[in-house]
Amino acid sequence: MCKYPIQNYLFIFFTTLIPLVMFSCHEKGEVHPWSQVKEVLTISGHTGEVIQAGYTHDGEQIVTVSADSTVRLWDSVSGKMVWIAYGHQGAVRSTFVENNDSTIRTFSDDLTIKKWEKSTGHELSSVTLPPSVDKISSTAFSPDGSLIALGKKGILEIFDTQTGQLVSTLSPFGHPGLRVNTTAIGFGYHPQLIVTGAYSHEVSVWEAFSGRRRLNLHEHGQGCLSAVFSPDMSLIASGSRDQTVIIREARTGIIKKKLDVGWEVRTVYFSPCGTTLFVLENARQGKKSRAIFIDVDSGKQIASLDSLQKTRYVSFSPDASRLLIPSANHVRVFESSVSPKSARSGRNKIAQDLNALLDNAITSDYSEINIYASRMLAESQKDRISILKRTSSALDSDNRIIRKNAILLAAELGKEALDLTEKIIICLRNDEDADVRTAAALALGCMGEESGEELAIPDLINGLSDKDYWVRYHAAHALDKMQTARSDVLSALVEVALNDSSTGLRRQIAFNLGNAGEASLAALPILIEGTKDKDDRKQWWACYTLWCIASGTGEKAASAIPALKNVIRDISDFRDENGGPPRKYAMHALGGIGPVVKKVDPEIVSILRDLMENEDEYYQRKAAALALEKILEKKGFRQKVRGYVRRAPVK
């Protein structure tokens, strides 16, 4: 059984119980919501290509990002600009509005992920991704904003948006020349699902954290340019250069409809209700694109648009009444024939049906739970109270599967389920079933620091020693989410990392220590000794963790400089499972410590220069160059590295 609890339940449950609920925002005989389309607004002001645009969750404003390096917020009714932000140094490729509608995240060619205050446009934080990120062809934020997926030739890399650390690398084994062309991320916590389309005609579904490929589909005759989940994750739609759109069951990959549209497909995108599919042409250079709206149930075309700019990203408004289409340096806004009020009433009807479905899920002996149902129900406070009552009762069940389902539902509700914290902690502490304990640790992490340090942390520390690996992993992840810097927590984390053989858990603990700020400096003596360990994996973890700590504390981690110097002199060819030897991470750590390195030991600069010029492996040469840039406070070393290729822009 998969130990990443929430995600597993989306596939099976939707394809077994979804026939009970018809996800449609209109009744038979009614006019389809998108059968009549008109352009109502043009948003102008960018000086470069608008790459992505999206609504805030309340639908009152629109966020745009552009090749002109700016992020802008607009009034969705008048089209007037609210604010403009200039913090990025390269084209801004992707944007995400946090669920609380108070902050916005963006990703840029300068390899930074920035967080902005939505009300003012002030920059709140900035995280720089590792230097290995290169030649990006596509990007996507996860639905909760915690991850970002970056597609490039041959691989898909997943990064934590808060720390900038690499979470996993998805590689299509056996296809070294595969270029991942687009990504869509399904929701869920651990792991989240990603669907990719590739030039090799493949459509694949992956687990983001484990890197396991669930589906590998080959029905397209030419390269797949777009692939996306439906909002309820029951379907996958993909478009290709073979002039077809294929709609499949997400769990099995079985084709439900294959539509010949008569031209190459650039973009496919579901409406929020999942009833309408927007399909955009991949027009040749200098030509305008066409688009059609397809009814998902019947597969019939219901409306069309002409004279559009081809784009990878389009976005519907939350009430499904409007559609944003970037077009050169502006955004065109189209409106459907259905009113926002009608769309909301359609979703309310769906919620009533899902309410009955959820009752069956949480009280019956099922091993899966319908997470989409909980999200729909959670739209109103009344439904939240109802869910919490049923969840609390299910936590007392003698049936382990029902207990697990209830905890997973609490995890999905996050901070809304704080009243259930004590019962969840008891499950983590005493339950005999490892899946229940894993779900409990996951839920405490989803609730975050508000679950109560004094209440939850002692049991999470004990969870670090659990006999089941996934309990240990989720306990460490939960402690990271709580952002605690307590000495007893840090000591327990270090002890586990030194004795556990799992690379995944060790990486998570390195993130924990890196996020603990100056409190993590207490672990330096142990980590310095770890750099000398004859066990290559312990040496790797020590260097990797020193990099995480140095990134947050800078010159305060200077006591590690002599040990790091010894590591970069080492010619060992050991590599961890993601391709990085201890020496590379030691160079990153020295760069994180900064200019004080050349004051403490000037010889290190000479060693790094030699590595930059003579090391055999490109990524180690680049790591040396980036370390020099930070230590000497000068730019341009990276461009001098043998084999350096400037990142190709997103087309």
# chains A, B, ... in the order shown; residues from 1 in each chain; ligands from 1
call {"tool": "residues_around", "arguments": {"residues": "Ile568 in chain A", "least_positions_apart": "4", "cutoff": "12 Å", "atoms": "only C-alpha atoms", "output": "PyMOL selection string"}}
result
chain A and resi 531-532+539-540+543+561-564+572-573+581-590+603-612+615+620-621+623-624+627
call {"tool": "select_by_dssp", "arguments": {"residues": "range 414-514 of chain A", "states": "helix (DSSP H, G or I)", "output": "MDAnalysis selection string"}}
result
chainID A and resid 414:430 434:451 453:463 469:481 487:499 503:514
call {"tool": "atom_distance", "arguments": {"atom1": "CA of Phe334 in chain A", "atom2": "CA of Glu281 in chain A"}}
result
17.0 Å
call {"tool": "select_by_dssp", "arguments": {"residues": "range 20-139 of chain A", "states": "strand (DSSP E or B)", "output": "PDB file with C-alpha atoms, in the first residue's frame"}}
result
ATOM      1  CA  VAL A  37     -19.040  34.063 -26.065  1.00  0.00           C
ATOM      2  CA  LYS A  38     -18.236  37.749 -26.302  1.00  0.00           C
ATOM      3  CA  GLU A  39     -15.111  39.821 -25.623  1.00  0.00           C
ATOM      4  CA  VAL A  40     -15.781  42.282 -22.793  1.00  0.00           C
ATOM      5  CA  LEU A  41     -12.409  43.733 -21.780  1.00  0.00           C
ATOM      6  CA  THR A  42      -8.794  44.197 -22.856  1.00  0.00           C
ATOM      7  CA  ILE A  43      -6.136  44.637 -20.170  1.00  0.00           C
ATOM      8  CA  SER A  44      -3.134  46.594 -21.493  1.00  0.00           C
ATOM      9  CA  VAL A  50       2.116  38.463 -21.152  1.00  0.00           C
ATOM     10  CA  ILE A  51       3.013  34.880 -20.301  1.00  0.00           C
ATOM     11  CA  GLN A  52       0.317  34.039 -17.743  1.00  0.00           C
ATOM     12  CA  ALA A  53      -2.780  35.665 -16.231  1.00  0.00           C
ATOM     13  CA  GLY A  54      -5.123  34.469 -13.517  1.00  0.00           C
ATOM     14  CA  TYR A  55      -7.940  35.583 -11.244  1.00  0.00           C
ATOM     15  CA  GLN A  61      -8.719  41.142  -9.438  1.00  0.00           C
ATOM     16  CA  ILE A  62      -6.432  39.686 -12.107  1.00  0.00           C
ATOM     17  CA  VAL A  63      -2.715  38.908 -11.752  1.00  0.00           C
ATOM     18  CA  THR A  64      -0.472  39.033 -14.831  1.00  0.00           C
ATOM     19  CA  VAL A  65       3.201  38.145 -15.311  1.00  0.00           C
ATOM     20  CA  SER A  66       5.254  39.062 -18.323  1.00  0.00           C
ATOM     21  CA  VAL A  71       4.124  41.388 -11.899  1.00  0.00           C
ATOM     22  CA  ARG A  72       0.914  43.407 -12.101  1.00  0.00           C
ATOM     23  CA  LEU A  73      -2.486  43.378 -10.398  1.00  0.00           C
ATOM     24  CA  TRP A  74      -5.588  44.709 -12.172  1.00  0.00           C
ATOM     25  CA  ASP A  75      -9.200  45.384 -11.304  1.00  0.00           C
ATOM     26  CA  MET A  81      -3.933  48.563 -12.842  1.00  0.00           C
ATOM     27  CA  VAL A  82      -3.860  48.345  -9.028  1.00  0.00           C
ATOM     28  CA  TRP A  83      -0.083  47.977  -8.625  1.00  0.00           C
ATOM     29  CA  ILE A  84       3.096  46.929 -10.434  1.00  0.00           C
ATOM     30  CA  ALA A  85       6.061  45.051  -8.899  1.00  0.00           C
ATOM     31  CA  VAL A  92       8.288  36.061 -15.101  1.00  0.00           C
ATOM     32  CA  ARG A  93       6.974  32.658 -16.192  1.00  0.00           C
ATOM     33  CA  SER A  94       4.355  31.564 -13.682  1.00  0.00           C
ATOM     34  CA  THR A  95       2.079  32.897 -10.953  1.00  0.00           C
ATOM     35  CA  PHE A  96      -0.023  31.463  -8.136  1.00  0.00           C
ATOM     36  CA  VAL A  97      -2.521  33.181  -5.807  1.00  0.00           C
ATOM     37  CA  THR A 103      -0.335  36.680  -1.109  1.00  0.00           C
ATOM     38  CA  ILE A 104       0.886  35.878  -4.613  1.00  0.00           C
ATOM     39  CA  ARG A 105       3.834  33.696  -5.659  1.00  0.00           C
ATOM     40  CA  THR A 106       5.745  34.098  -8.925  1.00  0.00           C
ATOM     41  CA  PHE A 107       8.601  32.316 -10.688  1.00  0.00           C
ATOM     42  CA  SER A 108      11.061  33.980 -13.058  1.00  0.00           C
ATOM     43  CA  THR A 112      13.746  33.131  -7.973  1.00  0.00           C
ATOM     44  CA  ILE A 113      10.368  32.364  -6.436  1.00  0.00           C
ATOM     45  CA  LYS A 114       8.994  35.515  -4.876  1.00  0.00           C
ATOM     46  CA  LYS A 115       6.051  36.078  -2.576  1.00  0.00           C
ATOM     47  CA  TRP A 116       4.132  39.367  -2.846  1.00  0.00           C
ATOM     48  CA  GLU A 117       1.543  40.984  -0.615  1.00  0.00           C
ATOM     49  CA  GLU A 123       7.805  41.791  -1.837  1.00  0.00           C
ATOM     50  CA  LEU A 124       7.561  39.564   1.252  1.00  0.00           C
ATOM     51  CA  SER A 125      10.185  36.909   0.498  1.00  0.00           C
ATOM     52  CA  SER A 126      12.439  35.549  -2.225  1.00  0.00           C
ATOM     53  CA  VAL A 127      13.893  32.066  -2.692  1.00  0.00           C
ATOM     54  CA  THR A 128      16.561  31.213  -5.263  1.00  0.00           C
ATOM     55  CA  SER A 138       7.428  24.748 -18.892  1.00  0.00           C
ATOM     56  CA  THR A 139       6.433  25.571 -15.308  1.00  0.00           C
TER      57      THR A 139
END
call {"tool": "residues_around", "arguments": {"residues": "Leu166 in chain A", "least_positions_apart": "3", "cutoff": "8 Å", "atoms": "only C-alpha atoms", "output": "number ranges by chain"}}
result
A: 130, 157-160, 169
call {"tool": "write_last_selection", "arguments": {"atoms": "all heavy atoms", "output": "PDB file, in the first residue's frame"}}
result
ATOM      1  N   PRO A 130      18.306  26.134  -6.948  1.00  0.00           N
ATOM      2  CA  PRO A 130      19.696  25.701  -7.152  1.00  0.00           C
ATOM      3  C   PRO A 130      20.173  25.994  -8.568  1.00  0.00           C
ATOM      4  O   PRO A 130      19.376  26.096  -9.508  1.00  0.00           O
ATOM      5  CB  PRO A 130      19.630  24.191  -6.886  1.00  0.00           C
ATOM      6  CG  PRO A 130      18.432  24.010  -6.032  1.00  0.00           C
ATOM      7  CD  PRO A 130      17.456  25.045  -6.468  1.00  0.00           C
ATOM      8  N   GLU A 157      11.680  18.528 -12.748  1.00  0.00           N
ATOM      9  CA  GLU A 157      12.197  18.744 -11.395  1.00  0.00           C
ATOM     10  C   GLU A 157      11.135  19.417 -10.536  1.00  0.00           C
ATOM     11  O   GLU A 157      10.486  20.371 -10.978  1.00  0.00           O
ATOM     12  CB  GLU A 157      13.464  19.592 -11.428  1.00  0.00           C
ATOM     13  CG  GLU A 157      14.637  18.887 -12.087  1.00  0.00           C
ATOM     14  CD  GLU A 157      15.898  19.724 -12.101  1.00  0.00           C
ATOM     15  OE1 GLU A 157      15.794  20.950 -12.299  1.00  0.00           O
ATOM     16  OE2 GLU A 157      16.988  19.158 -11.920  1.00  0.00           O
ATOM     17  N   ILE A 158      10.971  18.918  -9.308  1.00  0.00           N
ATOM     18  CA  ILE A 158       9.985  19.450  -8.367  1.00  0.00           C
ATOM     19  C   ILE A 158      10.730  20.126  -7.226  1.00  0.00           C
ATOM     20  O   ILE A 158      11.600  19.515  -6.592  1.00  0.00           O
ATOM     21  CB  ILE A 158       9.093  18.334  -7.786  1.00  0.00           C
ATOM     22  CG1 ILE A 158       8.638  17.375  -8.898  1.00  0.00           C
ATOM     23  CG2 ILE A 158       7.907  18.937  -7.046  1.00  0.00           C
ATOM     24  CD1 ILE A 158       7.784  18.004  -9.952  1.00  0.00           C
ATOM     25  N   PHE A 159      10.393  21.396  -6.936  1.00  0.00           N
ATOM     26  CA  PHE A 159      11.065  22.158  -5.886  1.00  0.00           C
ATOM     27  C   PHE A 159      10.064  22.627  -4.834  1.00  0.00           C
ATOM     28  O   PHE A 159       8.902  22.907  -5.147  1.00  0.00           O
ATOM     29  CB  PHE A 159      11.774  23.385  -6.475  1.00  0.00           C
ATOM     30  CG  PHE A 159      12.940  23.050  -7.359  1.00  0.00           C
ATOM     31  CD1 PHE A 159      12.753  22.873  -8.724  1.00  0.00           C
ATOM     32  CD2 PHE A 159      14.213  22.906  -6.832  1.00  0.00           C
ATOM     33  CE1 PHE A 159      13.816  22.557  -9.550  1.00  0.00           C
ATOM     34  CE2 PHE A 159      15.291  22.596  -7.650  1.00  0.00           C
ATOM     35  CZ  PHE A 159      15.097  22.420  -9.002  1.00  0.00           C
ATOM     36  N   ASP A 160      10.532  22.720  -3.605  1.00  0.00           N
ATOM     37  CA  ASP A 160       9.760  23.312  -2.513  1.00  0.00           C
ATOM     38  C   ASP A 160       9.813  24.826  -2.673  1.00  0.00           C
ATOM     39  O   ASP A 160      10.896  25.416  -2.735  1.00  0.00           O
ATOM     40  CB  ASP A 160      10.356  22.881  -1.166  1.00  0.00           C
ATOM     41  CG  ASP A 160       9.513  23.337   0.013  1.00  0.00           C
ATOM     42  OD1 ASP A 160       9.407  24.565   0.216  1.00  0.00           O
ATOM     43  OD2 ASP A 160       8.991  22.486   0.751  1.00  0.00           O
ATOM     44  N   THR A 169      13.072  14.372  -8.701  1.00  0.00           N
ATOM     45  CA  THR A 169      13.337  14.480 -10.130  1.00  0.00           C
ATOM     46  C   THR A 169      12.592  13.361 -10.834  1.00  0.00           C
ATOM     47  O   THR A 169      12.806  12.192 -10.524  1.00  0.00           O
ATOM     48  CB  THR A 169      14.838  14.385 -10.431  1.00  0.00           C
ATOM     49  OG1 THR A 169      15.521  15.453  -9.759  1.00  0.00           O
ATOM     50  CG2 THR A 169      15.093  14.489 -11.926  1.00  0.00           C
TER      51      THR A 169
END
call {"tool": "atom_distance", "arguments": {"atom1": "CA of Ile255 in chain A", "atom2": "CA of Asp306 in chain A"}}
result
28.6 Å
